[in-house]
Every structure is written in structure tokens, then in C-alpha cells.
$ cat run_5.cif   # mmCIF, C-alpha atoms
data_start
loop_
_atom_site.label_atom_id
_atom_site.label_comp_id
_atom_site.auth_asym_id
_atom_site.auth_seq_id
_atom_site.Cartn_x
_atom_site.Cartn_y
_atom_site.Cartn_z
CA MET A 5 -123.34 98.84 83.20
CA LEU A 6 -119.86 98.16 81.81
CA HIS A 7 -120.09 94.61 83.18
CA LYS A 8 -123.35 93.96 81.24
CA THR A 9 -121.88 95.26 77.98
CA ALA A 10 -118.75 93.15 78.35
CA GLY A 11 -120.91 90.10 79.10
CA ARG A 12 -123.05 90.70 76.01
CA LEU A 13 -119.95 91.10 73.83
CA THR A 14 -118.55 87.86 75.21
CA VAL A 15 -121.80 86.02 74.44
CA LEU A 16 -121.92 87.54 70.96
CA ALA A 17 -118.30 86.60 70.22
CA SER A 18 -118.82 83.09 71.59
CA THR A 19 -121.92 82.58 69.42
CA ALA A 20 -120.09 83.83 66.32
CA LEU A 21 -117.18 81.46 66.93
CA MET A 22 -119.56 78.57 67.48
CA LEU A 23 -121.36 79.30 64.18
CA VAL A 24 -118.07 79.56 62.27
CA GLY A 25 -116.98 76.25 63.80
CA ALA A 26 -120.25 74.59 62.77
CA VAL A 27 -119.85 75.83 59.20
CA ASN A 28 -116.27 74.52 59.03
CA VAL A 29 -117.25 71.13 60.46
CA GLY A 30 -120.08 70.86 57.92
CA ALA A 31 -117.72 71.64 55.06
CA ALA A 32 -115.13 69.14 56.29
CA GLN A 33 -117.76 66.39 56.42
CA ALA A 34 -118.93 66.81 52.80
CA GLN A 35 -118.37 63.43 51.17
CA ALA A 36 -120.01 60.78 49.01
CA PRO A 37 -121.41 57.62 50.54
CA GLY A 38 -119.61 54.39 49.80
CA GLY A 39 -120.99 51.56 47.72
CA PRO A 40 -120.34 50.14 44.27
CA ILE A 41 -117.94 52.25 42.18
CA THR A 42 -117.57 52.07 38.40
CA TYR A 43 -114.39 53.63 37.02
CA SER A 44 -111.48 53.52 34.57
CA ILE A 45 -107.90 54.79 34.81
CA ASP A 46 -105.67 56.31 32.09
CA PHE A 47 -101.90 56.54 32.53
CA SER A 48 -100.04 59.24 30.58
CA ASN A 49 -96.28 59.61 30.23
CA PRO A 50 -95.38 62.12 27.48
CA ARG A 51 -91.67 61.44 28.04
CA GLU A 52 -91.96 57.71 27.29
CA SER A 53 -89.47 56.79 24.57
CA ASP A 54 -89.15 53.02 24.39
CA ASP A 55 -90.11 50.84 21.44
CA ASN A 56 -93.90 51.23 21.93
CA ASN A 57 -94.13 54.65 23.64
CA LEU A 58 -96.55 53.24 26.23
CA PRO A 59 -96.16 53.59 30.02
CA GLU A 60 -95.21 50.79 32.43
CA PRO A 61 -96.96 52.11 35.57
CA TYR A 62 -96.57 50.88 39.14
CA GLY A 63 -97.95 52.11 42.44
CA GLN A 64 -101.53 52.58 43.54
CA VAL A 65 -104.74 54.46 42.82
CA VAL A 66 -107.18 54.66 45.75
CA VAL A 67 -110.29 56.37 47.05
CA ARG A 68 -110.06 57.64 50.65
CA ALA A 69 -112.45 58.30 53.48
CA PRO A 70 -112.10 61.51 55.53
CA TRP A 71 -110.29 59.47 58.22
CA ASP A 72 -107.76 58.05 55.68
CA GLN A 73 -109.29 54.57 55.29
CA GLN A 74 -108.77 53.69 51.66
CA THR A 75 -109.90 51.24 49.00
CA ALA A 76 -107.54 50.36 46.16
CA LEU A 77 -108.88 50.84 42.65
CA TRP A 78 -105.60 49.67 41.07
CA GLU A 79 -102.20 48.67 42.39
CA HIS A 80 -99.10 47.04 40.96
CA PRO A 81 -95.58 46.61 42.34
CA ASP A 82 -92.48 47.91 40.53
CA ARG A 83 -91.03 44.88 38.76
CA ASP A 84 -88.27 46.84 37.01
CA ILE A 85 -87.88 45.57 33.44
CA ASN A 86 -90.82 43.18 33.97
CA THR A 87 -93.38 45.89 34.84
CA PRO A 88 -96.12 45.41 32.22
CA THR A 89 -97.15 48.05 29.71
CA LEU A 90 -100.52 49.50 30.68
CA PRO A 91 -101.86 52.71 29.11
CA ARG A 92 -105.37 52.14 30.54
CA TYR A 93 -107.12 50.08 33.21
CA PRO A 94 -109.06 48.02 32.36
CA LEU A 95 -106.83 47.52 29.33
CA TYR A 96 -109.45 46.78 26.68
CA GLY A 97 -111.96 49.56 27.27
CA GLY A 98 -115.03 49.48 29.41
CA ALA A 99 -114.99 50.05 33.13
CA GLU A 100 -113.96 48.26 36.30
CA HIS A 101 -116.24 47.69 39.30
CA ARG A 102 -115.36 47.56 43.00
CA PHE A 103 -117.17 48.00 46.29
CA VAL A 104 -116.10 50.86 48.58
CA PRO A 105 -117.07 50.09 52.21
CA HIS A 106 -116.66 53.70 53.41
CA PRO A 107 -117.56 57.27 52.40
CA VAL A 108 -115.33 58.81 49.72
CA ALA A 109 -113.71 62.20 50.26
CA GLU A 110 -110.68 61.96 47.92
CA VAL A 111 -109.39 60.26 44.78
CA CYS A 112 -105.63 59.61 45.09
CA ALA A 113 -102.88 58.33 42.80
CA PHE A 114 -99.29 57.51 43.72
CA VAL A 115 -97.90 56.13 40.47
CA GLY A 116 -94.41 55.78 39.06
CA GLU A 117 -93.41 54.65 35.58
CA ASP A 118 -90.66 52.12 35.00
CA ASP A 119 -87.75 53.14 32.76
CA THR A 120 -85.29 50.40 33.78
CA GLY A 121 -82.32 50.38 31.44
CA ILE A 122 -83.26 53.70 29.79
CA ASN A 123 -83.17 56.38 32.51
CA GLU A 124 -84.60 57.11 35.97
CA ASP A 125 -88.22 56.15 36.59
CA ASP A 126 -90.78 58.91 36.06
CA VAL A 127 -93.40 59.96 38.61
CA LEU A 128 -96.78 60.13 36.90
CA ALA A 129 -98.94 61.09 39.88
CA ASP A 130 -98.37 61.89 43.53
CA GLY A 131 -101.36 63.26 45.40
CA CYS A 132 -105.10 63.50 45.91
CA LEU A 133 -108.07 65.50 44.67
CA PRO A 134 -111.33 66.08 46.57
CA TYR A 135 -114.15 63.83 45.36
CA THR A 136 -116.96 65.99 43.96
CA GLY A 137 -119.06 63.39 42.15
CA PRO A 138 -118.80 61.39 38.93
CA GLY A 139 -116.29 62.81 36.45
CA HIS A 140 -112.61 62.98 35.54
CA TYR A 141 -109.89 63.37 38.20
CA THR A 142 -106.46 64.11 36.71
CA ILE A 143 -103.61 63.88 39.20
CA SER A 144 -100.26 65.04 37.81
CA ALA A 145 -96.58 65.02 38.66
CA GLU A 146 -93.44 66.05 36.80
CA GLY A 147 -93.40 62.89 34.62
CA GLY A 148 -97.00 62.71 33.46
CA SER A 149 -100.48 62.17 34.86
CA VAL A 150 -103.10 59.66 35.89
CA THR A 151 -106.75 60.29 35.08
CA VAL A 152 -109.35 58.43 37.11
CA THR A 153 -112.81 58.56 35.54
CA VAL A 154 -115.57 57.78 38.00
CA TYR A 155 -118.77 56.83 36.17
CA HIS A 156 -120.86 55.94 39.21
CA LEU A 157 -120.50 55.70 42.99
CA GLY A 158 -123.13 54.51 45.45
#
$ encode --input "run_5.cif" --output "C-alpha cells"
Amino acid sequence: MLHKTAGRLTVLASTALMLVGAVNVGAAQAQAPGGPITYSIDFSNPRESDDNNLPEPYGQVVVRAPWDQQTALWEHPDRDINTPTLPRYPLYGGAEHRFVPHPVAEVCAFVGEDDTGINEDDVLADGCLPYTGPGHYTISAEGGSVTVTVYHLG
């Protein structure tokens, strides 16, 4: 009799663990399909103090698949004093369009801000946020923030 009870408990525990695992796998796979993406990016650096008080960002803004494949939405190298001023991308309003050939799980920004000749460069954004649908994604760091606005995906 004890053997039957132990067997039933083992089956019950095994089933419970399997169900918990299935729920976790389902949650980990929540993502948006790829396709055309319409977006804009705003760069904010409250500590900017040069002659125009506008940021000179460099780095990259990407969307990532669950397996870390990524598509760049914006990228620019650090050109020191020659890094262009860019408070928004695209610069003159509107939105940019790209094609994302993979599902999207995260919106990420790794952006610095050039302060050559004034002080050390600021870090505006350094990280990722889970993609939950069209909307605003503000990724911050100690020197400011980057806001990616996704208008449409898919």
C-alpha cells in the first residue's frame, strides 16, 4: 500500500512540474512577429551644456529576437568632436521604416553622448526593455535616456 501511495505522489509531483515548465516556456516565448517596423527615437541628455544644449549621440538602438538576433534601428560611431548633434531620429519629424526579419522580444539601446573637450562622455542608455506592442520604450542610464516610439510592427 505504501508503494502505491509513493508512486501516486511521484506521478502527481511530476505532472505538476511538467505543467509549471509548460507555463514558463509559454511565457518565455511571448513575442511579436517580425515584419515592417515604423518608429522614431528621441535622445535626451539633461546635463548637456554646450552652445546648443543638444545631444551628440553615438552607439546603437536595436530590436532583438529571443535568441539575441538583432536588427539595428539606428547606429552611429563615436567621432569625438565630429559626432553630429541629433536630438531625434529621424531629425525632421515623422517616422523611420525598416524591415525586421525575426520576431521581436526586446527593444534595446546602448547609447553614449559625446562631450569631447568639455568633460567625460555621458551614457544615455544601456539596456533593454521587453517588447509589449506599439508604444514608448524609455531606456535610461545615469546621463540621460533614449525613447524609442514604435508606431507599428508587423
$ atom_distance --input "run_5.cif" --atom1 "CA of Val152 in chain A" --atom2 "CA of Leu95 in chain A"
13.6 Å
$ residues_around --input "run_5.cif" --residues "Asp125 in chain A" --least-positions-apart "4" --cutoff "9 Å" --atoms "all atoms listed in the file" --output "JSON list (two decimals) with C-alpha atoms, keeping the file's coordinate frame"
[["chain", "number", "residue", "atom", "x", "y", "z"],
["A", 116, "GLY", "CA", -94.41, 55.78, 39.06],
["A", 117, "GLU", "CA", -93.41, 54.65, 35.58],
["A", 118, "ASP", "CA", -90.66, 52.12, 35.00],
["A", 119, "ASP", "CA", -87.75, 53.14, 32.76],
["A", 120, "THR", "CA", -85.29, 50.40, 33.78],
["A", 147, "GLY", "CA", -93.40, 62.89, 34.62]]
$ atom_distance --input "run_5.cif" --atom1 "CA of Glu124 in chain A" --atom2 "CA of Pro81 in chain A"
16.5 Å
$ residues_around --input "run_5.cif" --residues "Tyr141 in chain A" --least-positions-apart "4" --cutoff "12 Å" --atoms "only C-alpha atoms" --output "MDAnalysis selection string"
chainID A and resid 43:47 65:67 110:113 129 131:137 149:155
$ atom_distance --input "run_5.cif" --atom1 "CA of Asn86 in chain A" --atom2 "CA of Gln64 in chain A"
17.2 Å
$ closest_residue --input "run_5.cif" --among "A:Gly63, A:Gly139, A:Pro70, A:Gly97" --to "Ala109 in chain A" --atoms "only C-alpha atoms"
A:Pro70
$ closest_residue --input "run_5.cif" --among "A:Val127, A:Ile122, A:Ala145, A:Val108" --to "Asp72 in chain A" --atoms "only C-alpha atoms"
A:Val108
$ closest_residue --input "run_5.cif" --among "A:Thr142, A:Thr89, A:Gly39, A:Leu157" --to "Asn57 in chain A" --atoms "all atoms listed in the file"
A:Thr89
$ axis_aligned_box --input "run_5.cif" --around "range 43-60 of chain A" --padding-each-side "3 Å" --output "JSON"
{"center_x": -101.8, "center_y": 56.5, "center_z": 29.2, "size_x": 31.2, "size_y": 17.3, "size_z": 21.6}
$ closest_residue --input "run_5.cif" --among "A:Trp71, A:Trp78, A:Phe114, A:Tyr93" --to "Leu128 in chain A" --atoms "only C-alpha atoms"
A:Phe114
